[in-house]
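Participant: Got a structure for you, work26.cif, holding mmCIF, C-alpha atoms.
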```
data_query
#
loop_
_atom_site.group_PDB
_atom_site.id
_atom_site.type_symbol
_atom_site.label_atom_id
_atom_site.label_comp_id
_atom_site.auth_asym_id
_atom_site.auth_seq_id
_atom_site.Cartn_x
_atom_site.Cartn_y
_atom_site.Cartn_z
ATOM 1 C CA MET A 7 -75.536 219.485 -118.372
ATOM 2 C CA THR A 8 -73.684 222.578 -119.542
ATOM 3 C CA ASN A 9 -70.271 223.678 -118.373
ATOM 4 C CA THR A 10 -70.003 220.769 -115.941
ATOM 5 C CA LEU A 11 -66.464 220.133 -117.037
ATOM 6 C CA ALA A 12 -65.374 223.753 -117.144
ATOM 7 C CA GLY A 13 -62.043 224.275 -115.429
ATOM 8 C CA THR A 14 -61.926 225.743 -111.957
ATOM 9 C CA PRO A 15 -59.052 228.117 -111.081
ATOM 10 C CA GLY A 16 -56.686 226.340 -108.743
ATOM 11 C CA GLY A 17 -58.696 223.114 -108.870
ATOM 12 C CA GLY A 18 -55.919 221.106 -110.510
ATOM 13 C CA VAL A 19 -53.352 222.249 -107.977
ATOM 14 C CA ARG A 20 -55.627 221.416 -105.058
ATOM 15 C CA LEU A 21 -56.408 218.015 -106.529
ATOM 16 C CA SER A 22 -52.710 217.226 -107.028
ATOM 17 C CA ILE A 23 -52.050 218.117 -103.398
ATOM 18 C CA ALA A 24 -54.980 215.946 -102.303
ATOM 19 C CA ILE A 25 -53.678 212.933 -104.220
ATOM 20 C CA ALA A 26 -50.218 213.420 -102.736
ATOM 21 C CA LEU A 27 -51.694 213.541 -99.242
ATOM 22 C CA VAL A 28 -53.515 210.262 -99.802
ATOM 23 C CA ALA A 29 -50.316 208.612 -100.999
ATOM 24 C CA GLY A 30 -48.503 209.809 -97.903
ATOM 25 C CA LEU A 31 -51.262 208.548 -95.640
ATOM 26 C CA VAL A 32 -50.986 205.056 -97.098
ATOM 27 C CA LEU A 33 -47.343 204.962 -96.048
ATOM 28 C CA LEU A 34 -47.550 206.752 -92.719
ATOM 29 C CA GLY A 35 -51.080 206.531 -91.388
ATOM 30 C CA ALA A 36 -52.088 202.900 -91.262
ATOM 31 C CA PRO A 37 -53.507 201.506 -88.009
ATOM 32 C CA PRO A 38 -51.161 199.160 -86.147
ATOM 33 C CA ALA A 39 -51.128 195.730 -87.777
ATOM 34 C CA ARG A 40 -52.480 192.720 -85.919
ATOM 35 C CA GLY A 41 -53.842 189.340 -86.822
ATOM 36 C CA ALA A 42 -57.547 189.982 -87.386
ATOM 37 C CA ASP A 43 -60.095 187.213 -86.787
ATOM 38 C CA ILE A 44 -62.961 187.250 -89.301
ATOM 39 C CA GLU A 45 -65.064 184.779 -87.326
ATOM 40 C CA ALA A 46 -64.639 186.833 -84.165
ATOM 41 C CA GLY A 47 -65.583 189.890 -86.211
ATOM 42 C CA LYS A 48 -68.789 188.190 -87.353
ATOM 43 C CA HIS A 49 -69.784 187.604 -83.737
ATOM 44 C CA LYS A 50 -68.861 191.141 -82.690
ATOM 45 C CA ALA A 51 -70.812 192.583 -85.633
ATOM 46 C CA LYS A 52 -74.194 191.313 -84.415
ATOM 47 C CA PRO A 53 -75.185 194.622 -82.725
ATOM 48 C CA CYS A 54 -74.182 196.493 -85.900
ATOM 49 C CA GLY A 55 -76.654 194.518 -87.987
ATOM 50 C CA ALA A 56 -79.668 196.483 -86.762
ATOM 51 C CA CYS A 57 -78.582 199.438 -88.907
ATOM 52 C CA HIS A 58 -75.923 198.139 -91.300
ATOM 53 C CA GLY A 59 -77.456 194.730 -92.050
ATOM 54 C CA ALA A 60 -76.286 191.327 -90.857
ATOM 55 C CA ASP A 61 -73.571 191.161 -93.508
ATOM 56 C CA GLY A 62 -72.894 194.894 -93.763
ATOM 57 C CA ASN A 63 -75.389 195.483 -96.577
ATOM 58 C CA ALA A 64 -77.709 198.090 -95.105
ATOM 59 C CA THR A 65 -81.288 198.580 -96.295
ATOM 60 C CA ILE A 66 -82.211 201.690 -94.289
ATOM 61 C CA PRO A 67 -82.153 204.787 -96.531
ATOM 62 C CA GLY A 68 -79.348 207.143 -95.569
ATOM 63 C CA THR A 69 -77.396 204.423 -93.754
ATOM 64 C CA PRO A 70 -74.149 203.367 -95.441
ATOM 65 C CA SER A 71 -73.403 199.798 -96.378
ATOM 66 C CA ILE A 72 -70.039 198.630 -95.064
ATOM 67 C CA ALA A 73 -69.785 195.228 -96.767
ATOM 68 C CA GLY A 74 -66.707 195.132 -98.962
ATOM 69 C CA GLN A 75 -65.197 198.266 -97.459
ATOM 70 C CA PRO A 76 -61.399 198.113 -97.196
ATOM 71 C CA SER A 77 -60.480 197.021 -93.696
ATOM 72 C CA MET A 78 -58.141 199.958 -93.165
ATOM 73 C CA TYR A 79 -60.944 202.406 -93.941
ATOM 74 C CA THR A 80 -63.415 200.751 -91.547
ATOM 75 C CA HIS A 81 -60.755 200.502 -88.845
ATOM 76 C CA TRP A 82 -59.978 204.221 -89.139
ATOM 77 C CA GLN A 83 -63.642 205.216 -88.937
ATOM 78 C CA LEU A 84 -64.105 203.173 -85.772
ATOM 79 C CA LEU A 85 -60.974 204.720 -84.293
ATOM 80 C CA LYS A 86 -62.285 208.210 -85.002
ATOM 81 C CA TYR A 87 -65.674 207.441 -83.464
ATOM 82 C CA ARG A 88 -64.032 205.929 -80.392
ATOM 83 C CA ASP A 89 -61.635 208.845 -79.947
ATOM 84 C CA GLY A 90 -64.234 211.526 -80.615
ATOM 85 C CA ARG A 91 -62.707 212.837 -83.837
ATOM 86 C CA ARG A 92 -65.875 211.783 -85.647
ATOM 87 C CA LYS A 93 -69.194 212.110 -83.857
ATOM 88 C CA ASP A 94 -72.552 210.457 -84.447
ATOM 89 C CA PRO A 95 -75.373 209.891 -81.936
ATOM 90 C CA GLN A 96 -75.604 206.214 -82.864
ATOM 91 C CA MET A 97 -72.045 205.288 -83.799
ATOM 92 C CA SER A 98 -70.133 207.114 -81.071
ATOM 93 C CA PRO A 99 -71.686 205.153 -78.162
ATOM 94 C CA MET A 100 -71.228 201.881 -80.084
ATOM 95 C CA ALA A 101 -67.528 202.514 -80.641
ATOM 96 C CA VAL A 102 -66.487 203.993 -77.320
ATOM 97 C CA ASN A 103 -65.696 200.650 -75.658
ATOM 98 C CA LEU A 104 -64.162 198.883 -78.667
ATOM 99 C CA SER A 105 -60.582 197.700 -78.293
ATOM 100 C CA ASP A 106 -58.078 197.921 -81.135
ATOM 101 C CA GLY A 107 -58.521 194.171 -81.567
ATOM 102 C CA ASP A 108 -62.304 194.498 -81.771
ATOM 103 C CA MET A 109 -61.956 197.102 -84.495
ATOM 104 C CA ALA A 110 -59.511 194.971 -86.472
ATOM 105 C CA ASP A 111 -61.831 191.964 -86.287
ATOM 106 C CA LEU A 112 -64.878 193.991 -87.340
ATOM 107 C CA ALA A 113 -63.004 195.623 -90.202
ATOM 108 C CA ALA A 114 -61.736 192.262 -91.471
ATOM 109 C CA TYR A 115 -65.207 190.736 -91.287
ATOM 110 C CA TYR A 116 -66.863 193.510 -93.248
ATOM 111 C CA GLN A 117 -64.123 193.574 -95.872
ATOM 112 C CA ALA A 118 -64.758 189.874 -96.484
ATOM 113 C CA GLN A 119 -68.482 190.362 -97.154
ATOM 114 C CA ARG A 120 -69.819 190.718 -100.680
ATOM 115 C CA PRO A 121 -71.306 194.192 -101.256
ATOM 116 C CA THR A 122 -74.782 194.376 -102.729
ATOM 117 C CA PRO A 123 -75.736 197.544 -104.659
ATOM 118 C CA ARG A 124 -78.455 199.555 -102.992
ATOM 119 C CA PRO A 125 -81.772 199.509 -104.871
ATOM 120 C CA ALA A 126 -83.121 202.990 -104.289
ATOM 121 C CA GLY A 127 -83.562 205.776 -106.760
ATOM 122 C CA VAL A 128 -80.701 205.791 -109.283
ATOM 123 C CA ASP A 129 -81.670 207.982 -112.248
ATOM 124 C CA PRO A 130 -80.030 206.707 -115.463
ATOM 125 C CA SER A 131 -80.399 210.151 -117.018
ATOM 126 C CA LYS A 132 -77.954 211.528 -114.459
ATOM 127 C CA THR A 133 -75.310 208.808 -114.451
ATOM 128 C CA ALA A 134 -73.607 209.816 -117.718
ATOM 129 C CA ASP A 135 -73.046 213.347 -116.439
ATOM 130 C CA GLY A 136 -71.927 211.881 -113.128
ATOM 131 C CA LYS A 137 -69.342 209.710 -114.832
ATOM 132 C CA ARG A 138 -67.917 212.730 -116.664
ATOM 133 C CA ILE A 139 -67.767 214.673 -113.420
ATOM 134 C CA ALA A 140 -65.983 211.779 -111.679
ATOM 135 C CA GLU A 141 -63.452 211.579 -114.495
ATOM 136 C CA PHE A 142 -62.911 215.334 -114.655
ATOM 137 C CA TYR A 143 -62.277 215.610 -110.923
ATOM 138 C CA HIS A 144 -60.128 212.445 -110.922
ATOM 139 C CA CYS A 145 -62.199 210.552 -108.349
ATOM 140 C CA THR A 146 -60.743 207.335 -109.741
ATOM 141 C CA SER A 147 -57.196 208.419 -108.888
ATOM 142 C CA CYS A 148 -57.845 207.581 -105.245
ATOM 143 C CA HIS A 149 -61.022 205.475 -105.274
ATOM 144 C CA ARG A 150 -59.910 203.278 -108.232
ATOM 145 C CA PRO A 151 -61.505 203.048 -111.703
ATOM 146 C CA GLU A 152 -64.699 201.333 -110.520
ATOM 147 C CA LEU A 153 -64.747 203.323 -107.254
ATOM 148 C CA THR A 154 -64.216 200.146 -105.228
ATOM 149 C CA GLY A 155 -61.722 201.806 -102.856
ATOM 150 C CA HIS A 156 -58.551 200.426 -101.317
ATOM 151 C CA GLU A 157 -56.639 200.712 -98.061
ATOM 152 C CA GLN A 158 -57.907 203.853 -96.266
ATOM 153 C CA VAL A 159 -59.928 205.035 -99.313
ATOM 154 C CA PRO A 160 -63.585 203.922 -99.115
ATOM 155 C CA ARG A 161 -65.676 201.970 -101.569
ATOM 156 C CA LEU A 162 -68.296 204.234 -103.158
ATOM 157 C CA ALA A 163 -69.645 201.898 -105.850
ATOM 158 C CA GLY A 164 -73.229 200.827 -105.178
ATOM 159 C CA GLN A 165 -73.461 202.862 -101.976
ATOM 160 C CA ASP A 166 -76.736 204.351 -100.708
ATOM 161 C CA LEU A 167 -77.714 207.330 -102.859
ATOM 162 C CA ALA A 168 -78.977 209.556 -100.046
ATOM 163 C CA TYR A 169 -75.859 208.842 -98.012
ATOM 164 C CA LEU A 170 -73.593 209.733 -100.940
ATOM 165 C CA VAL A 171 -75.379 213.036 -101.578
ATOM 166 C CA LYS A 172 -75.170 213.943 -97.897
ATOM 167 C CA LEU A 173 -71.510 212.971 -97.652
ATOM 168 C CA ILE A 174 -70.330 214.804 -100.781
ATOM 169 C CA ARG A 175 -72.302 217.891 -99.780
ATOM 170 C CA GLY A 176 -70.793 217.681 -96.317
ATOM 171 C CA PHE A 177 -67.263 217.691 -97.726
ATOM 172 C CA LYS A 178 -68.166 220.579 -100.030
ATOM 173 C CA ASP A 179 -69.708 222.570 -97.151
ATOM 174 C CA LYS A 180 -66.864 221.593 -94.767
ATOM 175 C CA THR A 181 -69.296 220.032 -92.301
ATOM 176 C CA ALA A 182 -67.757 216.571 -92.889
ATOM 177 C CA SER A 183 -64.095 215.673 -92.764
ATOM 178 C CA ASP A 184 -61.844 212.746 -93.477
ATOM 179 C CA LEU A 185 -58.632 211.715 -91.767
ATOM 180 C CA ASP A 186 -56.364 214.361 -93.270
ATOM 181 C CA GLY A 187 -58.727 216.775 -95.027
ATOM 182 C CA THR A 188 -58.074 215.335 -98.482
ATOM 183 C CA MET A 189 -61.750 214.978 -99.393
ATOM 184 C CA THR A 190 -62.674 218.395 -98.032
ATOM 185 C CA MET A 191 -60.009 219.858 -100.296
ATOM 186 C CA ALA A 192 -60.966 217.729 -103.298
ATOM 187 C CA ALA A 193 -64.673 218.634 -103.009
ATOM 188 C CA GLN A 194 -64.219 222.395 -103.104
ATOM 189 C CA PRO A 195 -64.109 222.731 -106.926
ATOM 190 C CA LEU A 196 -67.438 220.862 -107.237
ATOM 191 C CA ARG A 197 -70.449 222.965 -108.116
ATOM 192 C CA ASP A 198 -73.696 222.363 -106.243
ATOM 193 C CA GLU A 199 -75.301 221.032 -109.416
ATOM 194 C CA ASP A 200 -72.494 218.475 -109.807
ATOM 195 C CA ILE A 201 -73.245 216.679 -106.556
ATOM 196 C CA GLU A 202 -76.427 214.779 -107.404
ATOM 197 C CA PRO A 203 -75.251 213.440 -110.795
ATOM 198 C CA LEU A 204 -71.964 212.387 -109.203
ATOM 199 C CA ALA A 205 -73.811 210.539 -106.441
ATOM 200 C CA HIS A 206 -76.156 208.860 -108.953
ATOM 201 C CA TYR A 207 -73.148 207.622 -110.931
ATOM 202 C CA MET A 208 -71.430 206.247 -107.816
ATOM 203 C CA ALA A 209 -74.600 204.522 -106.659
ATOM 204 C CA SER A 210 -75.119 202.955 -110.105
ATOM 205 C CA LEU A 211 -71.823 201.070 -110.118
ATOM 206 C CA GLY A 212 -71.486 197.384 -109.272
ATOM 207 C CA ARG A 213 -74.935 196.441 -110.537
#
```
How does the structure come out when it is put into structure tokens?
Facilitator:
Amino acid sequence: MTNTLAGTPGGGVRLSIAIALVAGLVLLGAPPARGADIEAGKHKAKPCGACHGADGNATIPGTPSIAGQPSMYTHWQLLKYRDGRRKDPQMSPMAVNLSDGDMADLAAYYQAQRPTPRPAGVDPSKTADGKRIAEFYHCTSCHRPELTGHEQVPRLAGQDLAYLVKLIRGFKDKTASDLDGTMTMAAQPLRDEDIEPLAHYMASLGR
């Protein structure tokens, strides 16, 4: 790949702002703490298994796995679905009647599950470029060196390839959003041809 790592005017400034926003969110934006019950979460997760798998490891292409996701991240996504800030024809109806306690239990259960890398379609010829792109755009600054996530920052390692491509492209095109716009901002310097190698690299991790 040529010129993948070429500098983008203003990209460094935007990225620095994005990282600062994430740091502030960790301190100020966490869901209210409560004692979560993993066993209760396992029981409550049964309806979720049809799409996300019994233990949060989905097998349906395009459907994200949620096993091993940080509990704060999962809790926030459920909050946004329940409150209408994030909309999905399948997830929104599932979340609308969840209590804060339900969401805490579900998030704790899924965090406790071991994530299994998705099997579909990783192209080894693209992962080296993807790793360079991830390093250049400092993905590891928020998502951690192995892209395992923490707190409100999601795990990307071993995630479904089609889902990753769709999500990154959504942030780039501003059709997807996160809690505070950090990812929308961080994705703007990406070129269209960067997206697939980046997704292949993310999907290849954890194997």
Participant: Could you jot down the atom CA of A:Ile44 to atom CA of A:Ala114 separation for me, Å, one decimal place?
Facilitator: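 Computing it gives 5.6 Å between the two atoms.
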Participant: Here is a test: counting only C-alpha atoms, which residue of A:Leu84, A:Leu104, A:Leu211, A:Ala73 is nearest to A:Pro121?
Facilitator: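 Of the candidates, the smallest distance to A:Pro121 is held by A:Ala73.
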Participant: Rank nothing, just name the residue among A:Ser183, A:Ser131, A:Gln165, A:Gln194 nearest to A:Thr65, using all atoms listed in the file.
Facilitator: A:Gln165
Participant: Pick the closest to A:Lys132 from A:Glu199, A:Asp186, A:Asp61, A:Arg92: which is it, counting only C-alpha atoms?
Facilitator: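 Once distances to A:Lys132 are computed over only C-alpha atoms, the minimum belongs to A:Glu199.
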Participant: With the file shown as input, list the residues that the PyMOL selection byres ((chain A and resi 77) around 7) selects, as a VMD selection string.
Facilitator: chain A and resid 75 to 76 78 to 81 113 to 114 117 157
Participant: Determine the residue membership of the PyMOL selection byres ((chain A and resi 209) around 8) for the file above and supply it as a ChimeraX atom specification.
Facilitator: /A:123-124,128,162-167,170,205-208,210-211
Participant: Work out how far atom CA of A:His149 is from atom CA of A:Cys57, in Å to one decimal.
Facilitator: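 Interatomic distance, atom CA of A:Cys57 to atom CA of A:His149: 24.8 Å.
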Participant: Return the single residue from A:Ile201, A:Val159, A:Ala60, A:Ala51 that is closest to A:Asp179, with distances computed using only C-alpha atoms.
Facilitator: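 Closest candidate: A:Ile201.
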Participant: What does the structure give for the distance between atom CA of A:Arg91 and atom CA of A:Leu185, in Å to one decimal?
Facilitator: 9.0 Å
Participant: Go through A:His144, A:Lys48, A:Arg120, A:Lys137 and flag the residue nearest A:Glu202, using only C-alpha atoms for the distances.
Facilitator: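 Comparing A:His144, A:Lys48, A:Arg120, A:Lys137 against A:Glu202, the winner is A:Lys137.
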Participant: Around (-66.3, 205.1, -78.9) in the file's frame, which residues reach within 9 Å when counting only C-alpha atoms? Return as a list in words?
Facilitator: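 Every residue inside that radius is included here: Leu84, Leu85, Lys86, Tyr87, Arg88, Asp89, Gly90, Met97, Ser98, Pro99, Met100, Ala101, Val102, Asn103 and Leu104 of chain A.
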Participant: Tell me which of A:Met189, A:Ala168, A:Ala56, A:Cys148 sits closest to A:Gly127, counting only C-alpha atoms.
Facilitator: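 The shortest atom-to-atom distance to A:Gly127 comes from A:Ala168.
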Participant: List the residues selected by the PyMOL selection byres ((chain A and resi 200) around 12) in the file shown, writing them as a ChimeraX atom specification.
Facilitator: /A:7-12,132-140,142-143,171,174-175,178,193-199,201-207
Participant: Since fewer atoms than expected are present, regenerate N, CA, C and O atoms for stretch 145-158 of chain A and write them as a PDB file, keeping the file's coordinate frame.
Facilitator:
```
ATOM      1  N   CYS A 145     -61.788 211.377-109.493  1.00  0.00           N
ATOM      2  CA  CYS A 145     -62.199 210.552-108.349  1.00  0.00           C
ATOM      3  C   CYS A 145     -61.532 209.180-108.385  1.00  0.00           C
ATOM      4  O   CYS A 145     -61.240 208.590-107.335  1.00  0.00           O
ATOM      5  N   THR A 146     -61.307 208.670-109.611  1.00  0.00           N
ATOM      6  CA  THR A 146     -60.743 207.335-109.741  1.00  0.00           C
ATOM      7  C   THR A 146     -59.269 207.278-109.368  1.00  0.00           C
ATOM      8  O   THR A 146     -58.725 206.187-109.177  1.00  0.00           O
ATOM      9  N   SER A 147     -58.614 208.421-109.267  1.00  0.00           N
ATOM     10  CA  SER A 147     -57.196 208.419-108.888  1.00  0.00           C
ATOM     11  C   SER A 147     -56.993 207.846-107.490  1.00  0.00           C
ATOM     12  O   SER A 147     -55.986 207.195-107.226  1.00  0.00           O
ATOM     13  N   CYS A 148     -57.947 208.103-106.615  1.00  0.00           N
ATOM     14  CA  CYS A 148     -57.845 207.581-105.245  1.00  0.00           C
ATOM     15  C   CYS A 148     -58.792 206.408-104.995  1.00  0.00           C
ATOM     16  O   CYS A 148     -58.434 205.455-104.310  1.00  0.00           O
ATOM     17  N   HIS A 149     -60.001 206.486-105.562  1.00  0.00           N
ATOM     18  CA  HIS A 149     -61.022 205.475-105.274  1.00  0.00           C
ATOM     19  C   HIS A 149     -61.002 204.296-106.237  1.00  0.00           C
ATOM     20  O   HIS A 149     -61.827 203.390-106.101  1.00  0.00           O
ATOM     21  N   ARG A 150     -60.081 204.312-107.210  1.00  0.00           N
ATOM     22  CA  ARG A 150     -59.910 203.278-108.232  1.00  0.00           C
ATOM     23  C   ARG A 150     -60.954 203.404-109.343  1.00  0.00           C
ATOM     24  O   ARG A 150     -62.008 204.020-109.155  1.00  0.00           O
ATOM     25  N   PRO A 151     -60.658 202.822-110.529  1.00  0.00           N
ATOM     26  CA  PRO A 151     -61.505 203.048-111.703  1.00  0.00           C
ATOM     27  C   PRO A 151     -62.984 202.733-111.505  1.00  0.00           C
ATOM     28  O   PRO A 151     -63.842 203.429-112.035  1.00  0.00           O
ATOM     29  N   GLU A 152     -63.292 201.674-110.758  1.00  0.00           N
ATOM     30  CA  GLU A 152     -64.699 201.333-110.520  1.00  0.00           C
ATOM     31  C   GLU A 152     -65.183 201.831-109.164  1.00  0.00           C
ATOM     32  O   GLU A 152     -66.239 201.408-108.679  1.00  0.00           O
ATOM     33  N   LEU A 153     -64.405 202.716-108.547  1.00  0.00           N
ATOM     34  CA  LEU A 153     -64.747 203.323-107.254  1.00  0.00           C
ATOM     35  C   LEU A 153     -64.952 202.276-106.162  1.00  0.00           C
ATOM     36  O   LEU A 153     -65.810 202.416-105.293  1.00  0.00           O
ATOM     37  N   THR A 154     -64.128 201.224-106.214  1.00  0.00           N
ATOM     38  CA  THR A 154     -64.216 200.146-105.228  1.00  0.00           C
ATOM     39  C   THR A 154     -63.367 200.412-103.990  1.00  0.00           C
ATOM     40  O   THR A 154     -63.453 199.669-103.019  1.00  0.00           O
ATOM     41  N   GLY A 155     -62.525 201.459-104.020  1.00  0.00           N
ATOM     42  CA  GLY A 155     -61.722 201.806-102.856  1.00  0.00           C
ATOM     43  C   GLY A 155     -60.552 200.871-102.633  1.00  0.00           C
ATOM     44  O   GLY A 155     -60.453 199.800-103.245  1.00  0.00           O
ATOM     45  N   HIS A 156     -59.678 201.264-101.734  1.00  0.00           N
ATOM     46  CA  HIS A 156     -58.551 200.426-101.317  1.00  0.00           C
ATOM     47  C   HIS A 156     -57.901 201.094-100.118  1.00  0.00           C
ATOM     48  O   HIS A 156     -57.950 202.311 -99.953  1.00  0.00           O
ATOM     49  N   GLU A 157     -57.319 200.254 -99.267  1.00  0.00           N
ATOM     50  CA  GLU A 157     -56.639 200.712 -98.061  1.00  0.00           C
ATOM     51  C   GLU A 157     -57.526 201.691 -97.286  1.00  0.00           C
ATOM     52  O   GLU A 157     -58.616 201.323 -96.878  1.00  0.00           O
ATOM     53  N   GLN A 158     -57.091 202.941 -97.068  1.00  0.00           N
ATOM     54  CA  GLN A 158     -57.907 203.853 -96.266  1.00  0.00           C
ATOM     55  C   GLN A 158     -58.927 204.622 -97.105  1.00  0.00           C
ATOM     56  O   GLN A 158     -59.668 205.454 -96.583  1.00  0.00           O
TER      57      GLN A 158
END
```
